[in-house]
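**Q** Here you go, one structure.
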Amino acid sequence: MTQTVLELIESTSARLTEAGVAFGHGTATAFDEAAWLVLWSLGLPVDDLDAVQTQPVSPDQQAKARELIEQRITTRQPAAYLTHEAWLQGVPFYVDERAIVPRSFIAEVLADGSIDHWLGEHTTRVLDLCTGNGSLAVLAAMAWPDVSVDGADLSPDALAVARINVDKHHMADRITLLTSDGLQGVKGPYDLILCNPPYVNAQSMSALPQEYRAEPEMALASGADGMDFCRQLIADLRRDPGRYLTEHAVLILEIGNEREHFEAAFPDLPVVWLDTSSGADQLLLLTREALELPA
């Protein structure tokens, strides 16, 4: 029986809902995930459903799409690991099981210019710490054509994926990838540090759906309260700010749903909370001046 693209997406959405899969790796609903997987399996643009929704889908094409859907359900792998593609701000990136699926809210503030107030002509060197698949490093290079970017990560596997994306977007002359445990292997000082670190607390880690457990644990878990990486990062910056930060430098730090734990860990640290599509609790800005205040 021939179906239209939209009918196939709707039946796929119902199948995903029935199977109880978890979302959050680029989509938030069963329909959106179904649209992504169906359109990708059919070789259609994943960002323009309206243009193809009435297009007929042959039985063979339906079978191909349903095979991918059943793989998604059976393995509980994030869809991005099955398609080897994810998007941030409409930009495509390669991803596989070696790196976390990119979904940082930092991408929003790079695109919308909301942090430009803290930047200027002095902003020439950027560090993307915990770069993962390199997506934020690439987006930073795209946002500011005159800056050079270092992308640093402890995981050789993640850096191998980041290399694919740096080359994919022809940024090898502007992005340098570094192996670094936190700040230990970076080559500062920087004018801007972007960091989407591991921040999931132990209780939340124990309750994560299988889809999140498919990702590298070192990219997610960060101790009992989720703040272990942040503690070390901020301690290092406070110990020797001039080594890592130029005079007017700022740090953009993502902490997910851990604002309560962050404020408990750093009660006297003056931060600027940044607005994102998820509210003003997940992304913060720290100036070098704030980091130089007594702890």
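Every chain in the structure tokens takes a letter, A first, then B, and so on in the order presented; its residues are numbered from 1, and the ligands are numbered from 1 following the presented order.
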Find the residues around region 133-145 of chain A up to 6 Å (only C-alpha atoms counted), leave out those fewer than 3 positions away in its own chain, and share them as a ChimeraX atom specification.

**A** /A:99,128,151,158,161-162

**Q** Could you write out that same residue set with all heavy atoms as an mmCIF file, in the first residue's frame?

**A**
data_model
loop_
_atom_site.group_PDB
_atom_site.id
_atom_site.type_symbol
_atom_site.label_atom_id
_atom_site.label_comp_id
_atom_site.auth_asym_id
_atom_site.auth_seq_id
_atom_site.Cartn_x
_atom_site.Cartn_y
_atom_site.Cartn_z
ATOM 1 N N ALA A 99 31.724 10.204 20.277
ATOM 2 C CA ALA A 99 31.542 11.546 20.829
ATOM 3 C C ALA A 99 30.087 11.755 21.201
ATOM 4 O O ALA A 99 29.177 11.147 20.623
ATOM 5 C CB ALA A 99 31.982 12.604 19.820
ATOM 6 N N ASP A 128 37.467 26.251 22.575
ATOM 7 C CA ASP A 128 36.291 25.405 22.808
ATOM 8 C C ASP A 128 36.773 24.225 23.638
ATOM 9 O O ASP A 128 37.339 23.267 23.120
ATOM 10 C CB ASP A 128 35.688 24.946 21.478
ATOM 11 C CG ASP A 128 34.519 23.975 21.679
ATOM 12 O OD1 ASP A 128 33.904 24.006 22.761
ATOM 13 O OD2 ASP A 128 34.243 23.186 20.758
ATOM 14 N N GLY A 151 40.236 23.722 19.699
ATOM 15 C CA GLY A 151 39.252 22.786 20.218
ATOM 16 C C GLY A 151 39.977 21.730 21.037
ATOM 17 O O GLY A 151 40.837 21.019 20.512
ATOM 18 N N ALA A 158 36.951 11.352 20.599
ATOM 19 C CA ALA A 158 36.183 12.555 20.291
ATOM 20 C C ALA A 158 36.959 13.464 19.348
ATOM 21 O O ALA A 158 36.393 14.041 18.410
ATOM 22 C CB ALA A 158 35.831 13.300 21.578
ATOM 23 N N VAL A 161 36.662 12.440 15.800
ATOM 24 C CA VAL A 161 35.394 12.875 15.210
ATOM 25 C C VAL A 161 35.446 14.377 14.915
ATOM 26 O O VAL A 161 34.974 14.836 13.865
ATOM 27 C CB VAL A 161 34.214 12.539 16.138
ATOM 28 C CG1 VAL A 161 32.896 13.036 15.538
ATOM 29 C CG2 VAL A 161 34.132 11.032 16.382
ATOM 30 N N ALA A 162 36.028 15.133 15.841
ATOM 31 C CA ALA A 162 36.163 16.573 15.622
ATOM 32 C C ALA A 162 36.979 16.860 14.362
ATOM 33 O O ALA A 162 36.661 17.783 13.593
ATOM 34 C CB ALA A 162 36.812 17.234 16.831
#

**Q** Counting only C-alpha atoms, which residues of region 250-272 of chain A sit at most 12 Å from some atom of region 225-228 of chain A, and what is each one's closest atom pair with its distance in Å to one decimal, listed by chain and rising residue number, as JSON lines?

**A**
{"residue": "A:Leu253", "atom": "CA", "partner": "A:Met227", "partner_atom": "CA", "distance": 11.9}
{"residue": "A:Glu254", "atom": "CA", "partner": "A:Met227", "partner_atom": "CA", "distance": 11.4}
{"residue": "A:Ile255", "atom": "CA", "partner": "A:Met227", "partner_atom": "CA", "distance": 8.6}
{"residue": "A:Gly256", "atom": "CA", "partner": "A:Gly226", "partner_atom": "CA", "distance": 9.8}
{"residue": "A:Asn257", "atom": "CA", "partner": "A:Gly226", "partner_atom": "CA", "distance": 9.8}
{"residue": "A:Glu258", "atom": "CA", "partner": "A:Gly226", "partner_atom": "CA", "distance": 7.2}
{"residue": "A:Arg259", "atom": "CA", "partner": "A:Met227", "partner_atom": "CA", "distance": 10.0}
{"residue": "A:Glu260", "atom": "CA", "partner": "A:Asp225", "partner_atom": "CA", "distance": 9.5}
{"residue": "A:His261", "atom": "CA", "partner": "A:Asp225", "partner_atom": "CA", "distance": 6.2}
{"residue": "A:Phe262", "atom": "CA", "partner": "A:Met227", "partner_atom": "CA", "distance": 6.7}
{"residue": "A:Glu263", "atom": "CA", "partner": "A:Met227", "partner_atom": "CA", "distance": 10.1}
{"residue": "A:Ala264", "atom": "CA", "partner": "A:Asp225", "partner_atom": "CA", "distance": 9.6}
{"residue": "A:Ala265", "atom": "CA", "partner": "A:Met227", "partner_atom": "CA", "distance": 7.4}
{"residue": "A:Phe266", "atom": "CA", "partner": "A:Met227", "partner_atom": "CA", "distance": 9.8}

**Q** Go ahead and compute the interatomic distance for CA of Ser204 (chain A) and CA of Ser222 (chain A), in Å to one decimal.

**A**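 Interatomic distance here is 10.7 Å.
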
**Q** Between A:Gly185, A:Gly90, A:Glu292, A:Asp173, which residue has the minimum interatomic distance to Val46 (chain A), considering only C-alpha atoms?

**A** A:Gly90

**Q** Can you pull out every residue from region 183-269 of chain A that DSSP, working from the backbone, puts in helix (DSSP H, G or I), and format the result as an MDAnalysis selection string?

**A** chainID A and resid 202:206 210:213 217:219 228:239 241:244 259:265

**Q** Write a file of the just-selected residues containing N, CA, C and O atoms, as a short mmCIF file (atom, residue, chain, number, x, y, z; two decimals), in the first residue's frame.

**A**
data_model
loop_
_atom_site.label_atom_id
_atom_site.label_comp_id
_atom_site.auth_asym_id
_atom_site.auth_seq_id
_atom_site.Cartn_x
_atom_site.Cartn_y
_atom_site.Cartn_z
N ALA A 202 25.37 12.44 40.00
CA ALA A 202 25.33 10.98 40.11
C ALA A 202 23.90 10.44 40.14
O ALA A 202 23.61 9.41 39.53
N GLN A 203 23.01 11.13 40.85
CA GLN A 203 21.63 10.66 40.92
C GLN A 203 20.97 10.71 39.54
O GLN A 203 20.29 9.76 39.14
N SER A 204 21.20 11.78 38.81
CA SER A 204 20.64 11.89 37.46
C SER A 204 21.25 10.86 36.52
O SER A 204 20.56 10.29 35.67
N MET A 205 22.55 10.61 36.66
CA MET A 205 23.21 9.60 35.82
C MET A 205 22.55 8.24 35.99
O MET A 205 22.35 7.51 35.02
N SER A 206 22.21 7.91 37.22
CA SER A 206 21.64 6.59 37.49
C SER A 206 20.25 6.44 36.90
O SER A 206 19.76 5.31 36.73
N GLN A 210 18.30 4.83 28.26
CA GLN A 210 19.33 4.12 27.53
C GLN A 210 19.99 4.96 26.45
O GLN A 210 21.18 4.81 26.17
N GLU A 211 19.21 5.83 25.81
CA GLU A 211 19.76 6.66 24.74
C GLU A 211 20.95 7.48 25.23
O GLU A 211 21.93 7.66 24.50
N TYR A 212 20.86 7.99 26.45
CA TYR A 212 21.96 8.79 26.99
C TYR A 212 23.12 7.90 27.44
O TYR A 212 24.28 8.30 27.37
N ARG A 213 22.81 6.72 27.88
CA ARG A 213 23.86 5.79 28.29
C ARG A 213 24.65 5.27 27.09
O ARG A 213 25.73 4.70 27.25
N GLU A 217 30.40 8.05 28.72
CA GLU A 217 30.09 8.49 30.08
C GLU A 217 30.95 9.66 30.52
O GLU A 217 30.50 10.55 31.25
N MET A 218 32.20 9.69 30.05
CA MET A 218 33.10 10.76 30.47
C MET A 218 32.64 12.13 29.97
O MET A 218 33.05 13.16 30.51
N ALA A 219 31.76 12.15 28.98
CA ALA A 219 31.23 13.42 28.48
C ALA A 219 30.02 13.90 29.27
O ALA A 219 29.55 15.02 29.06
N ASP A 228 32.27 18.40 39.55
CA ASP A 228 33.70 18.10 39.68
C ASP A 228 34.52 18.80 38.60
O ASP A 228 35.56 19.40 38.89
N PHE A 229 34.10 18.70 37.34
CA PHE A 229 34.86 19.36 36.27
C PHE A 229 34.86 20.87 36.47
O PHE A 229 35.91 21.52 36.32
N CYS A 230 33.72 21.44 36.78
CA CYS A 230 33.63 22.89 36.96
C CYS A 230 34.50 23.36 38.11
O CYS A 230 35.13 24.44 38.03
N ARG A 231 34.56 22.60 39.20
CA ARG A 231 35.42 22.97 40.32
C ARG A 231 36.88 23.08 39.89
O ARG A 231 37.58 24.04 40.22
N GLN A 232 37.34 22.06 39.15
CA GLN A 232 38.72 22.08 38.70
C GLN A 232 38.97 23.20 37.71
O GLN A 232 39.99 23.90 37.77
N LEU A 233 38.05 23.41 36.79
CA LEU A 233 38.18 24.47 35.79
C LEU A 233 38.29 25.83 36.46
O LEU A 233 39.20 26.62 36.16
N ILE A 234 37.37 26.13 37.34
CA ILE A 234 37.35 27.45 37.97
C ILE A 234 38.54 27.62 38.91
O ILE A 234 39.13 28.70 39.00
N ALA A 235 38.95 26.54 39.59
CA ALA A 235 40.14 26.61 40.44
C ALA A 235 41.37 26.93 39.61
O ALA A 235 42.22 27.76 40.00
N ASP A 236 41.51 26.28 38.45
CA ASP A 236 42.65 26.54 37.58
C ASP A 236 42.65 27.97 37.06
O ASP A 236 43.70 28.63 37.01
N LEU A 237 41.48 28.46 36.67
CA LEU A 237 41.39 29.83 36.16
C LEU A 237 41.71 30.84 37.26
O LEU A 237 42.38 31.86 37.01
N ARG A 238 41.27 30.58 38.48
CA ARG A 238 41.54 31.49 39.59
C ARG A 238 43.01 31.46 40.01
O ARG A 238 43.58 32.47 40.41
N ARG A 239 43.61 30.28 39.91
CA ARG A 239 45.00 30.12 40.34
C ARG A 239 45.95 30.90 39.45
O ARG A 239 46.92 31.48 39.91
N PRO A 241 44.99 33.19 36.31
CA PRO A 241 44.12 33.70 35.23
C PRO A 241 44.89 34.19 34.02
O PRO A 241 44.43 34.02 32.88
N GLY A 242 46.05 34.78 34.23
CA GLY A 242 46.80 35.31 33.10
C GLY A 242 47.31 34.24 32.15
O GLY A 242 47.60 34.53 30.98
N ARG A 243 47.42 33.02 32.64
CA ARG A 243 47.87 31.93 31.78
C ARG A 243 46.81 31.53 30.76
O ARG A 243 47.13 31.11 29.64
N TYR A 244 45.55 31.68 31.16
CA TYR A 244 44.45 31.18 30.32
C TYR A 244 43.58 32.28 29.74
O TYR A 244 42.88 32.05 28.75
N ARG A 259 21.88 24.26 37.97
CA ARG A 259 22.11 25.59 38.56
C ARG A 259 22.16 25.54 40.08
O ARG A 259 23.01 26.20 40.70
N GLU A 260 21.29 24.78 40.69
CA GLU A 260 21.27 24.69 42.15
C GLU A 260 22.61 24.18 42.67
O GLU A 260 23.18 24.72 43.63
N HIS A 261 23.14 23.15 42.03
CA HIS A 261 24.43 22.60 42.45
C HIS A 261 25.57 23.57 42.15
O HIS A 261 26.53 23.67 42.93
N PHE A 262 25.48 24.29 41.04
CA PHE A 262 26.52 25.27 40.71
C PHE A 262 26.55 26.38 41.76
O PHE A 262 27.63 26.75 42.25
N GLU A 263 25.39 26.90 42.11
CA GLU A 263 25.36 28.00 43.07
C GLU A 263 25.77 27.53 44.46
O GLU A 263 26.36 28.30 45.23
N ALA A 264 25.52 26.27 44.78
CA ALA A 264 25.99 25.74 46.06
C ALA A 264 27.51 25.58 46.06
O ALA A 264 28.17 25.80 47.09
N ALA A 265 28.06 25.22 44.92
CA ALA A 265 29.51 25.02 44.83
C ALA A 265 30.26 26.35 44.77
O ALA A 265 31.40 26.45 45.24
#

**Q** Report the distance between CA of Phe93 (chain A) and CA of Ile175 (chain A) in Å, rounded to one decimal place.

**A**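 If I compute the distance from CA of Phe93 (chain A) to CA of Ile175 (chain A), I get 15.3 Å.
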
**Q** If DSSP is run on the backbone, what residues of region 127-289 of chain A are strand (DSSP E)? A reply as a PyMOL selection string would be ideal.

**A** chain A and resi 127-129+148-153+175-179+190-195+245-254+272-273+283-287

**Q** State, in Å with one decimal place, the distance from CA of Ile9 (chain A) to CA of Pro92 (chain A).

**A** 21.7 Å

**Q** Might you pull out every residue within 8 Å of Leu245 (chain A), with only C-alpha atoms counted and same-chain residues fewer than 5 positions away left off, and present them as a PyMOL selection string?

**A** chain A and resi 188-192+237+250+288

**Q** Report as a list of chain:residue names all protein, DNA and RNA residues lying within 9 Å of Gly20 (chain A), evaluated on only C-alpha atoms, omitting residues in the same chain fewer than 4 positions from it.

**A**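 Skipping anything fewer than 4 positions along the chain leaves A:Arg15, A:Leu16, A:Ile73.
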
**Q** Using only C-alpha atoms, determine which residues lie at most 7 Å from Ser58 (chain A), disregarding the query and same-chain residues fewer than 3 positions distant; provide the list as a PyMOL selection string.

**A** chain A and resi 2+61-62

**Q** Set the distance at 7 Å and use only C-alpha atoms: which residues neighbour Val101 (chain A) once local chain neighbours fewer than 2 positions away are removed? I'd like the list as number ranges by chain.

**A** A: 25, 80, 95, 99, 103

**Q** I need the residues from that last selection saved to file as a compact mmCIF listing (two decimals), in the first residue's frame (with N, CA, C and O atoms), if you can.

**A**
# COMPACT_ATOMS: atom_id res chain seq x y z
N HIS A 25 18.12 14.24 21.78
CA HIS A 25 19.37 14.31 21.03
C HIS A 25 19.15 14.98 19.68
O HIS A 25 19.53 14.46 18.64
N ALA A 80 20.99 10.22 15.95
CA ALA A 80 22.19 10.77 15.32
C ALA A 80 23.28 9.73 15.13
O ALA A 80 24.08 9.83 14.20
N VAL A 95 28.66 12.71 13.42
CA VAL A 95 28.80 12.22 14.79
C VAL A 95 28.65 10.71 14.80
O VAL A 95 27.94 10.13 13.96
N ALA A 99 31.72 10.20 20.28
CA ALA A 99 31.54 11.55 20.83
C ALA A 99 30.09 11.76 21.20
O ALA A 99 29.18 11.15 20.62
N ARG A 103 24.40 19.18 21.23
CA ARG A 103 23.10 19.79 21.51
C ARG A 103 23.26 21.00 22.44
O ARG A 103 22.36 21.32 23.22
